[in-house]
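Pasted below: work-v6.cif, mmCIF, N, CA and C atoms.
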```
data_model
#
loop_
_atom_site.label_atom_id
_atom_site.label_comp_id
_atom_site.auth_asym_id
_atom_site.auth_seq_id
_atom_site.Cartn_x
_atom_site.Cartn_y
_atom_site.Cartn_z
N MET A 1 126.47 136.46 63.50
CA MET A 1 125.32 136.56 64.37
C MET A 1 124.25 135.59 63.87
N PRO A 2 123.67 134.78 64.75
CA PRO A 2 122.63 133.83 64.33
C PRO A 2 121.41 134.55 63.76
N CYS A 3 120.58 133.76 63.06
CA CYS A 3 119.40 134.34 62.44
C CYS A 3 118.25 133.34 62.45
N LEU A 4 117.06 133.86 62.17
CA LEU A 4 115.87 133.05 62.01
C LEU A 4 115.44 133.17 60.56
N PHE A 5 115.06 132.04 59.96
CA PHE A 5 114.66 132.01 58.56
C PHE A 5 113.33 131.27 58.44
N VAL A 6 112.33 131.95 57.90
CA VAL A 6 111.00 131.36 57.73
C VAL A 6 111.02 130.49 56.47
N ILE A 7 110.81 129.18 56.66
CA ILE A 7 110.85 128.27 55.51
C ILE A 7 109.47 127.77 55.08
N VAL A 8 108.47 127.94 55.94
CA VAL A 8 107.09 127.56 55.61
C VAL A 8 106.18 128.62 56.20
N GLY A 9 105.14 128.97 55.45
CA GLY A 9 104.13 129.89 55.96
C GLY A 9 104.00 131.13 55.10
N PRO A 10 103.11 132.02 55.49
CA PRO A 10 102.87 133.23 54.71
C PRO A 10 104.09 134.13 54.55
N ASP A 11 105.04 134.03 55.46
CA ASP A 11 106.24 134.87 55.41
C ASP A 11 107.46 134.12 54.88
N GLU A 12 107.23 133.03 54.15
CA GLU A 12 108.33 132.20 53.64
C GLU A 12 109.38 133.07 52.94
N GLY A 13 110.65 132.83 53.31
CA GLY A 13 111.76 133.57 52.72
C GLY A 13 112.24 134.73 53.58
N LEU A 14 111.52 135.04 54.66
CA LEU A 14 111.92 136.14 55.55
C LEU A 14 113.13 135.71 56.37
N LEU A 15 114.17 136.53 56.37
CA LEU A 15 115.39 136.28 57.14
C LEU A 15 115.52 137.37 58.18
N TYR A 16 115.70 136.96 59.44
CA TYR A 16 115.78 137.94 60.53
C TYR A 16 117.02 137.67 61.38
N PRO A 17 117.99 138.61 61.39
CA PRO A 17 119.18 138.44 62.25
C PRO A 17 118.81 138.67 63.72
N LEU A 18 119.32 137.83 64.59
CA LEU A 18 119.04 137.96 66.01
C LEU A 18 119.95 139.01 66.64
N ASP A 19 119.44 139.69 67.65
CA ASP A 19 120.17 140.73 68.37
C ASP A 19 120.67 140.13 69.68
N THR A 20 121.98 140.12 69.88
CA THR A 20 122.54 139.52 71.09
C THR A 20 122.26 140.34 72.35
N GLU A 21 121.71 141.52 72.19
CA GLU A 21 121.46 142.39 73.34
C GLU A 21 120.04 142.30 73.89
N LYS A 22 119.11 141.72 73.10
CA LYS A 22 117.72 141.71 73.57
C LYS A 22 116.96 140.51 72.99
N PRO A 23 115.86 140.14 73.67
CA PRO A 23 115.04 139.04 73.17
C PRO A 23 114.29 139.43 71.90
N THR A 24 113.95 138.43 71.11
CA THR A 24 113.15 138.61 69.91
C THR A 24 111.82 137.92 70.13
N THR A 25 110.76 138.70 70.19
CA THR A 25 109.43 138.11 70.29
C THR A 25 108.91 137.84 68.88
N ILE A 26 108.17 136.75 68.74
CA ILE A 26 107.65 136.35 67.44
C ILE A 26 106.15 136.20 67.55
N GLY A 27 105.42 136.79 66.60
CA GLY A 27 103.97 136.67 66.60
C GLY A 27 103.36 137.55 65.53
N ARG A 28 102.04 137.63 65.52
CA ARG A 28 101.35 138.42 64.50
C ARG A 28 101.00 139.82 64.97
N GLY A 29 101.20 140.11 66.24
CA GLY A 29 100.83 141.41 66.79
C GLY A 29 101.83 142.51 66.47
N ASP A 30 101.36 143.74 66.59
CA ASP A 30 102.21 144.90 66.33
C ASP A 30 103.38 144.99 67.31
N ASP A 31 103.24 144.41 68.49
CA ASP A 31 104.30 144.45 69.49
C ASP A 31 105.39 143.41 69.27
N ALA A 32 105.18 142.46 68.35
CA ALA A 32 106.17 141.42 68.09
C ALA A 32 107.36 142.02 67.35
N VAL A 33 108.55 141.66 67.77
CA VAL A 33 109.76 142.12 67.09
C VAL A 33 109.83 141.50 65.70
N LEU A 34 109.59 140.19 65.61
CA LEU A 34 109.51 139.50 64.33
C LEU A 34 108.03 139.25 64.07
N GLN A 35 107.44 140.18 63.31
CA GLN A 35 106.00 140.14 63.06
C GLN A 35 105.69 139.28 61.85
N LEU A 36 104.80 138.30 62.05
CA LEU A 36 104.40 137.38 61.00
C LEU A 36 102.99 137.69 60.50
N VAL A 37 102.75 137.37 59.25
CA VAL A 37 101.41 137.47 58.68
C VAL A 37 100.84 136.06 58.73
N ASP A 38 100.51 135.61 59.92
CA ASP A 38 100.04 134.23 60.14
C ASP A 38 98.89 134.30 61.12
N GLU A 39 97.68 134.12 60.60
CA GLU A 39 96.49 134.27 61.45
C GLU A 39 96.41 133.20 62.53
N ARG A 40 97.16 132.14 62.43
CA ARG A 40 97.15 131.09 63.45
C ARG A 40 98.18 131.33 64.55
N ALA A 41 99.04 132.32 64.36
CA ALA A 41 100.01 132.68 65.40
C ALA A 41 99.34 133.62 66.40
N SER A 42 99.74 133.52 67.65
CA SER A 42 99.25 134.45 68.66
C SER A 42 99.92 135.80 68.45
N ARG A 43 99.37 136.83 69.10
CA ARG A 43 99.95 138.18 68.95
C ARG A 43 101.42 138.16 69.34
N ILE A 44 101.71 137.62 70.51
CA ILE A 44 103.09 137.31 70.91
C ILE A 44 103.08 135.82 71.17
N HIS A 45 103.64 135.06 70.25
CA HIS A 45 103.53 133.59 70.29
C HIS A 45 104.67 132.96 71.10
N CYS A 46 105.90 133.39 70.81
CA CYS A 46 107.06 132.84 71.51
C CYS A 46 108.17 133.88 71.55
N LYS A 47 109.21 133.52 72.27
CA LYS A 47 110.34 134.44 72.44
C LYS A 47 111.64 133.67 72.27
N VAL A 48 112.58 134.27 71.52
CA VAL A 48 113.92 133.72 71.36
C VAL A 48 114.87 134.73 72.01
N GLU A 49 115.68 134.26 72.96
CA GLU A 49 116.55 135.20 73.66
C GLU A 49 117.93 134.61 73.92
N PRO A 50 118.91 135.50 73.95
CA PRO A 50 120.28 135.05 74.23
C PRO A 50 120.49 134.86 75.73
N THR A 51 121.35 133.92 76.05
CA THR A 51 121.75 133.74 77.44
C THR A 51 123.22 133.35 77.44
N SER A 52 123.97 133.85 78.41
CA SER A 52 125.40 133.53 78.51
C SER A 52 125.59 132.35 79.44
N VAL A 53 126.38 131.40 78.99
CA VAL A 53 126.74 130.25 79.82
C VAL A 53 128.25 130.09 79.76
N VAL A 54 128.80 129.51 80.81
CA VAL A 54 130.24 129.28 80.85
C VAL A 54 130.52 127.88 80.32
N SER A 55 131.35 127.81 79.30
CA SER A 55 131.73 126.54 78.70
C SER A 55 132.60 125.76 79.68
N ASN A 56 132.28 124.48 79.88
CA ASN A 56 133.06 123.65 80.80
C ASN A 56 134.45 123.36 80.26
N ASP A 57 134.60 123.38 78.94
CA ASP A 57 135.88 123.01 78.33
C ASP A 57 136.99 124.01 78.66
N PHE A 58 136.69 125.30 78.49
CA PHE A 58 137.74 126.30 78.65
C PHE A 58 137.37 127.42 79.63
N GLY A 59 136.19 127.36 80.20
CA GLY A 59 135.76 128.39 81.13
C GLY A 59 135.40 129.70 80.45
N LEU A 60 135.15 129.64 79.13
CA LEU A 60 134.77 130.84 78.38
C LEU A 60 133.27 131.02 78.40
N SER A 61 132.85 132.26 78.39
CA SER A 61 131.43 132.57 78.31
C SER A 61 130.98 132.50 76.85
N VAL A 62 129.92 131.73 76.58
CA VAL A 62 129.38 131.62 75.23
C VAL A 62 127.89 131.98 75.27
N THR A 63 127.40 132.43 74.14
CA THR A 63 125.99 132.78 74.03
C THR A 63 125.22 131.60 73.47
N GLN A 64 124.18 131.21 74.18
CA GLN A 64 123.25 130.21 73.68
C GLN A 64 121.91 130.92 73.46
N TRP A 65 121.10 130.35 72.58
CA TRP A 65 119.80 130.93 72.28
C TRP A 65 118.71 130.00 72.80
N ILE A 66 117.77 130.61 73.52
CA ILE A 66 116.70 129.88 74.18
C ILE A 66 115.37 130.30 73.55
N VAL A 67 114.49 129.34 73.30
CA VAL A 67 113.15 129.66 72.83
C VAL A 67 112.16 129.24 73.92
N SER A 68 111.13 130.06 74.12
CA SER A 68 110.09 129.72 75.07
C SER A 68 108.75 130.19 74.53
N ASP A 69 107.71 129.43 74.82
CA ASP A 69 106.36 129.81 74.42
C ASP A 69 105.93 130.98 75.30
N ALA A 70 105.17 131.90 74.73
CA ALA A 70 104.73 133.09 75.47
C ALA A 70 103.26 132.98 75.87
N GLY A 71 102.80 131.75 76.14
CA GLY A 71 101.41 131.55 76.53
C GLY A 71 100.48 131.56 75.33
N SER A 72 100.97 131.11 74.19
CA SER A 72 100.18 131.11 72.96
C SER A 72 99.01 130.15 73.07
N SER A 73 98.00 130.37 72.23
CA SER A 73 96.81 129.52 72.22
C SER A 73 97.11 128.11 71.73
N ASN A 74 97.96 128.00 70.71
CA ASN A 74 98.20 126.71 70.07
C ASN A 74 99.55 126.09 70.38
N GLY A 75 100.34 126.72 71.22
CA GLY A 75 101.64 126.16 71.60
C GLY A 75 102.72 126.39 70.56
N THR A 76 103.94 126.13 70.98
CA THR A 76 105.13 126.25 70.13
C THR A 76 105.86 124.92 70.19
N ARG A 77 106.35 124.47 69.04
CA ARG A 77 107.07 123.20 68.98
C ARG A 77 108.45 123.39 68.39
N ILE A 78 109.35 122.52 68.78
CA ILE A 78 110.63 122.35 68.11
C ILE A 78 110.51 120.98 67.46
N GLY A 79 110.41 120.96 66.13
CA GLY A 79 110.13 119.70 65.45
C GLY A 79 108.77 119.20 65.90
N THR A 80 108.72 118.00 66.43
CA THR A 80 107.45 117.44 66.88
C THR A 80 107.23 117.60 68.38
N GLU A 81 108.20 118.16 69.08
CA GLU A 81 108.12 118.29 70.54
C GLU A 81 107.55 119.65 70.96
N VAL A 82 106.50 119.62 71.76
CA VAL A 82 105.93 120.85 72.30
C VAL A 82 106.87 121.40 73.36
N ILE A 83 107.12 122.70 73.32
CA ILE A 83 108.02 123.33 74.29
C ILE A 83 107.31 123.42 75.64
N GLU A 84 107.94 122.88 76.64
CA GLU A 84 107.49 123.02 78.03
C GLU A 84 108.57 123.84 78.72
N GLY A 85 108.29 125.07 79.05
CA GLY A 85 109.31 125.94 79.64
C GLY A 85 110.21 126.51 78.56
N GLN A 86 111.51 126.26 78.67
CA GLN A 86 112.47 126.77 77.71
C GLN A 86 113.19 125.63 77.01
N CYS A 87 113.70 125.92 75.82
CA CYS A 87 114.45 124.94 75.05
C CYS A 87 115.65 125.64 74.43
N THR A 88 116.84 125.07 74.59
CA THR A 88 118.05 125.62 73.98
C THR A 88 118.07 125.23 72.50
N LEU A 89 118.29 126.21 71.65
CA LEU A 89 118.29 125.98 70.21
C LEU A 89 119.65 125.52 69.72
N ALA A 90 119.64 124.61 68.75
CA ALA A 90 120.85 124.15 68.07
C ALA A 90 120.70 124.51 66.59
N ASP A 91 121.81 124.61 65.90
CA ASP A 91 121.81 124.96 64.49
C ASP A 91 120.87 124.04 63.71
N GLY A 92 119.91 124.63 63.00
CA GLY A 92 118.98 123.85 62.19
C GLY A 92 117.69 123.47 62.90
N ASP A 93 117.55 123.79 64.18
CA ASP A 93 116.29 123.51 64.87
C ASP A 93 115.17 124.30 64.21
N THR A 94 114.00 123.67 64.09
CA THR A 94 112.87 124.31 63.46
C THR A 94 111.80 124.61 64.50
N ILE A 95 111.45 125.88 64.60
CA ILE A 95 110.41 126.34 65.51
C ILE A 95 109.11 126.34 64.71
N LEU A 96 108.10 125.62 65.22
CA LEU A 96 106.81 125.55 64.55
C LEU A 96 105.77 126.30 65.37
N LEU A 97 105.10 127.23 64.72
CA LEU A 97 104.03 127.98 65.36
C LEU A 97 103.02 128.39 64.30
N GLY A 98 101.75 128.32 64.66
CA GLY A 98 100.71 128.64 63.67
C GLY A 98 100.90 127.83 62.41
N LYS A 99 100.91 128.51 61.26
CA LYS A 99 101.15 127.85 59.97
C LYS A 99 102.60 128.04 59.53
N SER A 100 103.46 128.49 60.43
CA SER A 100 104.83 128.86 60.07
C SER A 100 105.87 127.90 60.66
N ALA A 101 106.94 127.71 59.89
CA ALA A 101 108.11 126.97 60.35
C ALA A 101 109.30 127.91 60.19
N ILE A 102 110.03 128.11 61.30
CA ILE A 102 111.15 129.05 61.33
C ILE A 102 112.40 128.30 61.77
N VAL A 103 113.44 128.36 60.96
CA VAL A 103 114.69 127.65 61.26
C VAL A 103 115.66 128.59 61.96
N TYR A 104 116.26 128.08 63.04
CA TYR A 104 117.32 128.80 63.73
C TYR A 104 118.65 128.40 63.07
N LEU A 105 119.37 129.39 62.57
CA LEU A 105 120.67 129.16 61.92
C LEU A 105 121.76 129.90 62.69
N GLN A 106 122.82 129.20 63.06
CA GLN A 106 123.88 129.80 63.86
C GLN A 106 124.77 130.73 63.04
N GLU A 107 124.82 130.51 61.74
CA GLU A 107 125.68 131.35 60.89
C GLU A 107 125.07 132.73 60.69
N SER A 108 125.93 133.68 60.46
CA SER A 108 125.50 135.02 60.10
C SER A 108 125.26 135.04 58.59
N LEU A 109 123.99 135.09 58.20
CA LEU A 109 123.64 135.07 56.78
C LEU A 109 122.97 136.39 56.41
N THR A 110 123.21 136.84 55.19
CA THR A 110 122.72 138.16 54.80
C THR A 110 121.56 138.14 53.82
N ASP A 111 121.27 136.98 53.23
CA ASP A 111 120.15 136.95 52.29
C ASP A 111 119.45 135.61 52.33
N ALA A 112 118.22 135.60 51.84
CA ALA A 112 117.38 134.40 51.88
C ALA A 112 117.98 133.26 51.06
N GLY A 113 118.64 133.56 49.96
CA GLY A 113 119.26 132.52 49.14
C GLY A 113 120.32 131.75 49.91
N ALA A 114 121.15 132.46 50.65
CA ALA A 114 122.18 131.81 51.47
C ALA A 114 121.54 131.00 52.59
N ALA A 115 120.47 131.52 53.17
CA ALA A 115 119.77 130.79 54.23
C ALA A 115 119.13 129.52 53.68
N ARG A 116 118.54 129.61 52.50
CA ARG A 116 117.92 128.43 51.86
C ARG A 116 118.99 127.37 51.56
N THR A 117 120.15 127.80 51.08
CA THR A 117 121.26 126.88 50.81
C THR A 117 121.71 126.20 52.10
N ARG A 118 121.82 126.96 53.18
CA ARG A 118 122.23 126.39 54.47
C ARG A 118 121.20 125.36 54.96
N CYS A 119 119.92 125.65 54.77
CA CYS A 119 118.87 124.69 55.16
C CYS A 119 119.00 123.41 54.35
N GLU A 120 119.33 123.53 53.07
CA GLU A 120 119.54 122.35 52.23
C GLU A 120 120.74 121.55 52.71
N GLU A 121 121.83 122.25 53.10
CA GLU A 121 123.02 121.57 53.62
C GLU A 121 122.69 120.79 54.90
N LEU A 122 121.80 121.37 55.71
CA LEU A 122 121.40 120.72 56.96
C LEU A 122 120.31 119.68 56.74
N ASN A 123 119.86 119.54 55.47
CA ASN A 123 118.81 118.59 55.09
C ASN A 123 117.52 118.83 55.87
N ILE A 124 117.13 120.09 55.99
CA ILE A 124 115.91 120.43 56.70
C ILE A 124 114.73 120.30 55.74
N GLN A 125 113.80 119.44 56.13
CA GLN A 125 112.59 119.23 55.34
C GLN A 125 111.41 119.23 56.29
N ILE A 126 110.39 119.98 55.94
CA ILE A 126 109.20 120.07 56.77
C ILE A 126 108.05 119.39 56.02
N SER A 127 107.52 118.34 56.60
CA SER A 127 106.41 117.63 55.97
C SER A 127 105.08 118.23 56.42
N ASP A 128 104.05 117.97 55.64
CA ASP A 128 102.70 118.41 56.01
C ASP A 128 102.27 117.78 57.33
N GLU A 129 102.72 116.54 57.58
CA GLU A 129 102.36 115.87 58.82
C GLU A 129 102.94 116.60 60.02
N VAL A 130 104.20 117.03 59.91
CA VAL A 130 104.84 117.76 61.01
C VAL A 130 104.13 119.09 61.24
N MET A 131 103.77 119.76 60.18
CA MET A 131 103.09 121.06 60.30
C MET A 131 101.64 120.92 60.76
N GLY A 132 101.08 119.71 60.63
CA GLY A 132 99.67 119.56 60.95
C GLY A 132 98.81 120.10 59.83
N MET A 133 99.37 120.14 58.62
CA MET A 133 98.67 120.69 57.48
C MET A 133 98.48 119.59 56.45
N PRO A 134 97.63 119.67 55.49
CA PRO A 134 96.81 120.84 55.25
C PRO A 134 95.66 120.91 56.25
N LEU A 135 95.31 122.12 56.60
CA LEU A 135 94.18 122.34 57.47
C LEU A 135 92.94 122.44 56.61
N SER A 136 91.96 121.65 56.91
CA SER A 136 90.75 121.64 56.10
C SER A 136 89.83 122.76 56.53
N SER A 137 89.25 123.39 55.55
CA SER A 137 88.27 124.43 55.80
C SER A 137 86.93 123.78 56.11
N PRO A 138 86.21 124.24 57.15
CA PRO A 138 84.89 123.68 57.43
C PRO A 138 83.95 123.79 56.24
N ALA A 139 84.08 124.86 55.44
CA ALA A 139 83.23 125.04 54.27
C ALA A 139 83.51 123.94 53.23
N GLN A 140 84.77 123.59 53.06
CA GLN A 140 85.13 122.54 52.11
C GLN A 140 84.69 121.16 52.61
N GLU A 141 84.72 120.97 53.90
CA GLU A 141 84.34 119.69 54.48
C GLU A 141 82.83 119.59 54.67
N ARG A 142 82.11 120.67 54.39
CA ARG A 142 80.66 120.75 54.52
C ARG A 142 80.22 120.43 55.96
N THR A 143 81.01 120.94 56.92
CA THR A 143 80.64 120.75 58.32
C THR A 143 80.00 121.98 58.92
N LEU A 144 79.90 123.06 58.13
CA LEU A 144 79.22 124.25 58.59
C LEU A 144 77.71 123.99 58.57
N GLN A 145 77.04 124.49 59.58
CA GLN A 145 75.58 124.33 59.59
C GLN A 145 74.95 125.34 58.64
N ASP A 146 73.98 124.89 57.90
CA ASP A 146 73.26 125.79 57.01
C ASP A 146 72.28 126.63 57.80
N GLY A 147 72.26 127.93 57.42
CA GLY A 147 71.32 128.92 57.84
C GLY A 147 70.95 129.05 59.19
#
```
Could you write out this file's structure as structure tokens?
Amino acid sequence: MPCLFVIVGPDEGLLYPLDTEKPTTIGRGDDAVLQLVDERASRIHCKVEPTSVVSNDFGLSVTQWIVSDAGSSNGTRIGTEVIEGQCTLADGDTILLGKSAIVYLQESLTDAGAARTRCEELNIQISDEVMGMPLSSPAQERTLQDG
């Protein structure tokens, strides 16, 4: 069963197996199935859901995973591309939201160590530029108005 693995952000190391029977909402709110401790994520930021498609090769039904933004304030990206509508996920695709980067892995993995190894095999690297980080604090930049 595929899974989601948080590789950047406050929840780094979190591994979440996907449920083929229902969508997985991701966000910081109590209603999110995959709840993140990320103040830049919307309450319900995006949704990952299974969909059945018929393979042209053999006429077999296969499950694909689709990600869509849920009307978040800051948008959802796959790599550097902002999601417009829905996007079909491929092994190793990185979902970026808030301060978090979440990798979609097609393999059924049971622990964070195995997920980290798989990410290394796929050569997944997230740069600060891709994340839009570091985010500067207005207090550090002295752009806050005094008094």
Quiz prompt | Minimum-distance residue to A:Ser108, chosen among A:Phe5, A:Pro17, A:Asn74, A:Pro10 (using all atoms listed in the file) | solution =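 Smallest distance to A:Ser108 is found for A:Pro17.
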From a DSSP pass on the backbone, collect the residues of stretch 7-107 of chain A flagged as strand (DSSP E or B) and hand them back as a CSV table (one decimal) with N, CA and C atoms, in the coordinates of the input.
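Listing of part.csv after writing:
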```csv
chain,number,residue,atom,x,y,z
A,7,ILE,N,110.8,129.2,56.7
A,7,ILE,CA,110.8,128.3,55.5
A,7,ILE,C,109.5,127.8,55.1
A,8,VAL,N,108.5,127.9,55.9
A,8,VAL,CA,107.1,127.6,55.6
A,8,VAL,C,106.2,128.6,56.2
A,15,LEU,N,114.2,136.5,56.4
A,15,LEU,CA,115.4,136.3,57.1
A,15,LEU,C,115.5,137.4,58.2
A,16,TYR,N,115.7,137.0,59.4
A,16,TYR,CA,115.8,137.9,60.5
A,16,TYR,C,117.0,137.7,61.4
A,17,PRO,N,118.0,138.6,61.4
A,17,PRO,CA,119.2,138.4,62.2
A,17,PRO,C,118.8,138.7,63.7
A,24,THR,N,114.0,138.4,71.1
A,24,THR,CA,113.2,138.6,69.9
A,24,THR,C,111.8,137.9,70.1
A,25,THR,N,110.8,138.7,70.2
A,25,THR,CA,109.4,138.1,70.3
A,25,THR,C,108.9,137.8,68.9
A,26,ILE,N,108.2,136.8,68.7
A,26,ILE,CA,107.6,136.4,67.4
A,26,ILE,C,106.2,136.2,67.6
A,27,GLY,N,105.4,136.8,66.6
A,27,GLY,CA,104.0,136.7,66.6
A,27,GLY,C,103.4,137.6,65.5
A,34,LEU,N,109.6,140.2,65.6
A,34,LEU,CA,109.5,139.5,64.3
A,34,LEU,C,108.0,139.2,64.1
A,35,GLN,N,107.4,140.2,63.3
A,35,GLN,CA,106.0,140.1,63.1
A,35,GLN,C,105.7,139.3,61.8
A,46,CYS,N,105.9,133.4,70.8
A,46,CYS,CA,107.1,132.8,71.5
A,46,CYS,C,108.2,133.9,71.6
A,47,LYS,N,109.2,133.5,72.3
A,47,LYS,CA,110.3,134.4,72.4
A,47,LYS,C,111.6,133.7,72.3
A,48,VAL,N,112.6,134.3,71.5
A,48,VAL,CA,113.9,133.7,71.4
A,48,VAL,C,114.9,134.7,72.0
A,49,GLU,N,115.7,134.3,73.0
A,49,GLU,CA,116.6,135.2,73.7
A,49,GLU,C,117.9,134.6,73.9
A,50,PRO,N,118.9,135.5,74.0
A,50,PRO,CA,120.3,135.0,74.2
A,50,PRO,C,120.5,134.9,75.7
A,51,THR,N,121.4,133.9,76.0
A,51,THR,CA,121.8,133.7,77.4
A,51,THR,C,123.2,133.4,77.4
A,52,SER,N,124.0,133.8,78.4
A,52,SER,CA,125.4,133.5,78.5
A,52,SER,C,125.6,132.4,79.4
A,53,VAL,N,126.4,131.4,79.0
A,53,VAL,CA,126.7,130.2,79.8
A,53,VAL,C,128.2,130.1,79.8
A,54,VAL,N,128.8,129.5,80.8
A,54,VAL,CA,130.2,129.3,80.8
A,54,VAL,C,130.5,127.9,80.3
A,61,SER,N,132.8,132.3,78.4
A,61,SER,CA,131.4,132.6,78.3
A,61,SER,C,131.0,132.5,76.8
A,62,VAL,N,129.9,131.7,76.6
A,62,VAL,CA,129.4,131.6,75.2
A,62,VAL,C,127.9,132.0,75.3
A,63,THR,N,127.4,132.4,74.1
A,63,THR,CA,126.0,132.8,74.0
A,63,THR,C,125.2,131.6,73.5
A,64,GLN,N,124.2,131.2,74.2
A,64,GLN,CA,123.2,130.2,73.7
A,64,GLN,C,121.9,130.9,73.5
A,65,TRP,N,121.1,130.4,72.6
A,65,TRP,CA,119.8,130.9,72.3
A,65,TRP,C,118.7,130.0,72.8
A,66,ILE,N,117.8,130.6,73.5
A,66,ILE,CA,116.7,129.9,74.2
A,66,ILE,C,115.4,130.3,73.6
A,67,VAL,N,114.5,129.3,73.3
A,67,VAL,CA,113.2,129.7,72.8
A,67,VAL,C,112.2,129.2,73.9
A,68,SER,N,111.1,130.1,74.1
A,68,SER,CA,110.1,129.7,75.1
A,68,SER,C,108.8,130.2,74.5
A,69,ASP,N,107.7,129.4,74.8
A,69,ASP,CA,106.4,129.8,74.4
A,69,ASP,C,105.9,131.0,75.3
A,77,ARG,N,106.4,124.5,69.0
A,77,ARG,CA,107.1,123.2,69.0
A,77,ARG,C,108.4,123.4,68.4
A,78,ILE,N,109.4,122.5,68.8
A,78,ILE,CA,110.6,122.4,68.1
A,78,ILE,C,110.5,121.0,67.5
A,81,GLU,N,108.2,118.2,69.1
A,81,GLU,CA,108.1,118.3,70.5
A,81,GLU,C,107.6,119.6,71.0
A,82,VAL,N,106.5,119.6,71.8
A,82,VAL,CA,105.9,120.8,72.3
A,82,VAL,C,106.9,121.4,73.4
A,86,GLN,N,111.5,126.3,78.7
A,86,GLN,CA,112.5,126.8,77.7
A,86,GLN,C,113.2,125.6,77.0
A,87,CYS,N,113.7,125.9,75.8
A,87,CYS,CA,114.4,124.9,75.0
A,87,CYS,C,115.6,125.6,74.4
A,88,THR,N,116.8,125.1,74.6
A,88,THR,CA,118.0,125.6,74.0
A,88,THR,C,118.1,125.2,72.5
A,94,THR,N,114.0,123.7,64.1
A,94,THR,CA,112.9,124.3,63.5
A,94,THR,C,111.8,124.6,64.5
A,95,ILE,N,111.4,125.9,64.6
A,95,ILE,CA,110.4,126.3,65.5
A,95,ILE,C,109.1,126.3,64.7
A,96,LEU,N,108.1,125.6,65.2
A,96,LEU,CA,106.8,125.6,64.6
A,96,LEU,C,105.8,126.3,65.4
A,97,LEU,N,105.1,127.2,64.7
A,97,LEU,CA,104.0,128.0,65.4
A,97,LEU,C,103.0,128.4,64.3
A,100,SER,N,103.5,128.5,60.4
A,100,SER,CA,104.8,128.9,60.1
A,100,SER,C,105.9,127.9,60.7
A,101,ALA,N,106.9,127.7,59.9
A,101,ALA,CA,108.1,127.0,60.4
A,101,ALA,C,109.3,127.9,60.2
A,102,ILE,N,110.0,128.1,61.3
A,102,ILE,CA,111.2,129.0,61.3
A,102,ILE,C,112.4,128.3,61.8
A,103,VAL,N,113.4,128.4,61.0
A,103,VAL,CA,114.7,127.6,61.3
A,103,VAL,C,115.7,128.6,62.0
A,104,TYR,N,116.3,128.1,63.0
A,104,TYR,CA,117.3,128.8,63.7
A,104,TYR,C,118.6,128.4,63.1
A,105,LEU,N,119.4,129.4,62.6
A,105,LEU,CA,120.7,129.2,61.9
A,105,LEU,C,121.8,129.9,62.7
```
Quiz item: Which residues, written as an MDAnalysis selection string, have at least one atom at most 8 Å from A:Thr20, with all atoms listed in the file counted and residues fewer than 3 positions away on the same chain left out?
Solution: chainID A and resid 1:2 17 23 49:51
Self-check item: All residues 6.5 Å or closer to A:Gln35, only N, CA and C atoms, same chain fewer than 5 positions away omitted, as a list in words
Solution: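 Counting only the stated atoms, we get Thr25, Ile26, Gly27, Arg28 and Gly29 of chain A.
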N, CA and C atoms of the current selection, written as a PDB file, in the coordinates of the input:
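Once everything was written out, this is again_22.pdb:
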```
ATOM      1  N   THR A  25     110.760 138.700  70.190  1.00  0.00           N
ATOM      2  CA  THR A  25     109.430 138.110  70.290  1.00  0.00           C
ATOM      3  C   THR A  25     108.910 137.840  68.880  1.00  0.00           C
ATOM      4  N   ILE A  26     108.170 136.750  68.740  1.00  0.00           N
ATOM      5  CA  ILE A  26     107.650 136.350  67.440  1.00  0.00           C
ATOM      6  C   ILE A  26     106.150 136.200  67.550  1.00  0.00           C
ATOM      7  N   GLY A  27     105.420 136.790  66.600  1.00  0.00           N
ATOM      8  CA  GLY A  27     103.970 136.670  66.600  1.00  0.00           C
ATOM      9  C   GLY A  27     103.360 137.550  65.530  1.00  0.00           C
ATOM     10  N   ARG A  28     102.040 137.630  65.520  1.00  0.00           N
ATOM     11  CA  ARG A  28     101.350 138.420  64.500  1.00  0.00           C
ATOM     12  C   ARG A  28     101.000 139.820  64.970  1.00  0.00           C
ATOM     13  N   GLY A  29     101.200 140.110  66.240  1.00  0.00           N
ATOM     14  CA  GLY A  29     100.830 141.410  66.790  1.00  0.00           C
ATOM     15  C   GLY A  29     101.830 142.510  66.470  1.00  0.00           C
TER      16      GLY A  29
END
```
Practice problem: Please evaluate the PyMOL selection byres ((chain A and resi 93-100) around 5) against the displayed coordinates and give the resulting residues as a ChimeraX atom specification. | Solution: /A:8-9,40-41,76-79,90-92,101-104
Practice problem: Figure out the distance between atom CA of A:Thr63 and atom CA of A:Ile7, please, to one decimal in Å. | Solution: 24.3 Å
Practice problem: Pick out the residues sitting within 6 Å of A:Gly85, and hand them over as an MDAnalysis selection string; count only N, CA and C atoms, and ignore anything fewer than 4 positions along from it in its own chain. | Solution: chainID A and resid 67:69
Self-check item: Separation of atom N of A:Ala32 from atom C of A:His45, in Å and rounded to one decimal
Solution: 9.9 Å
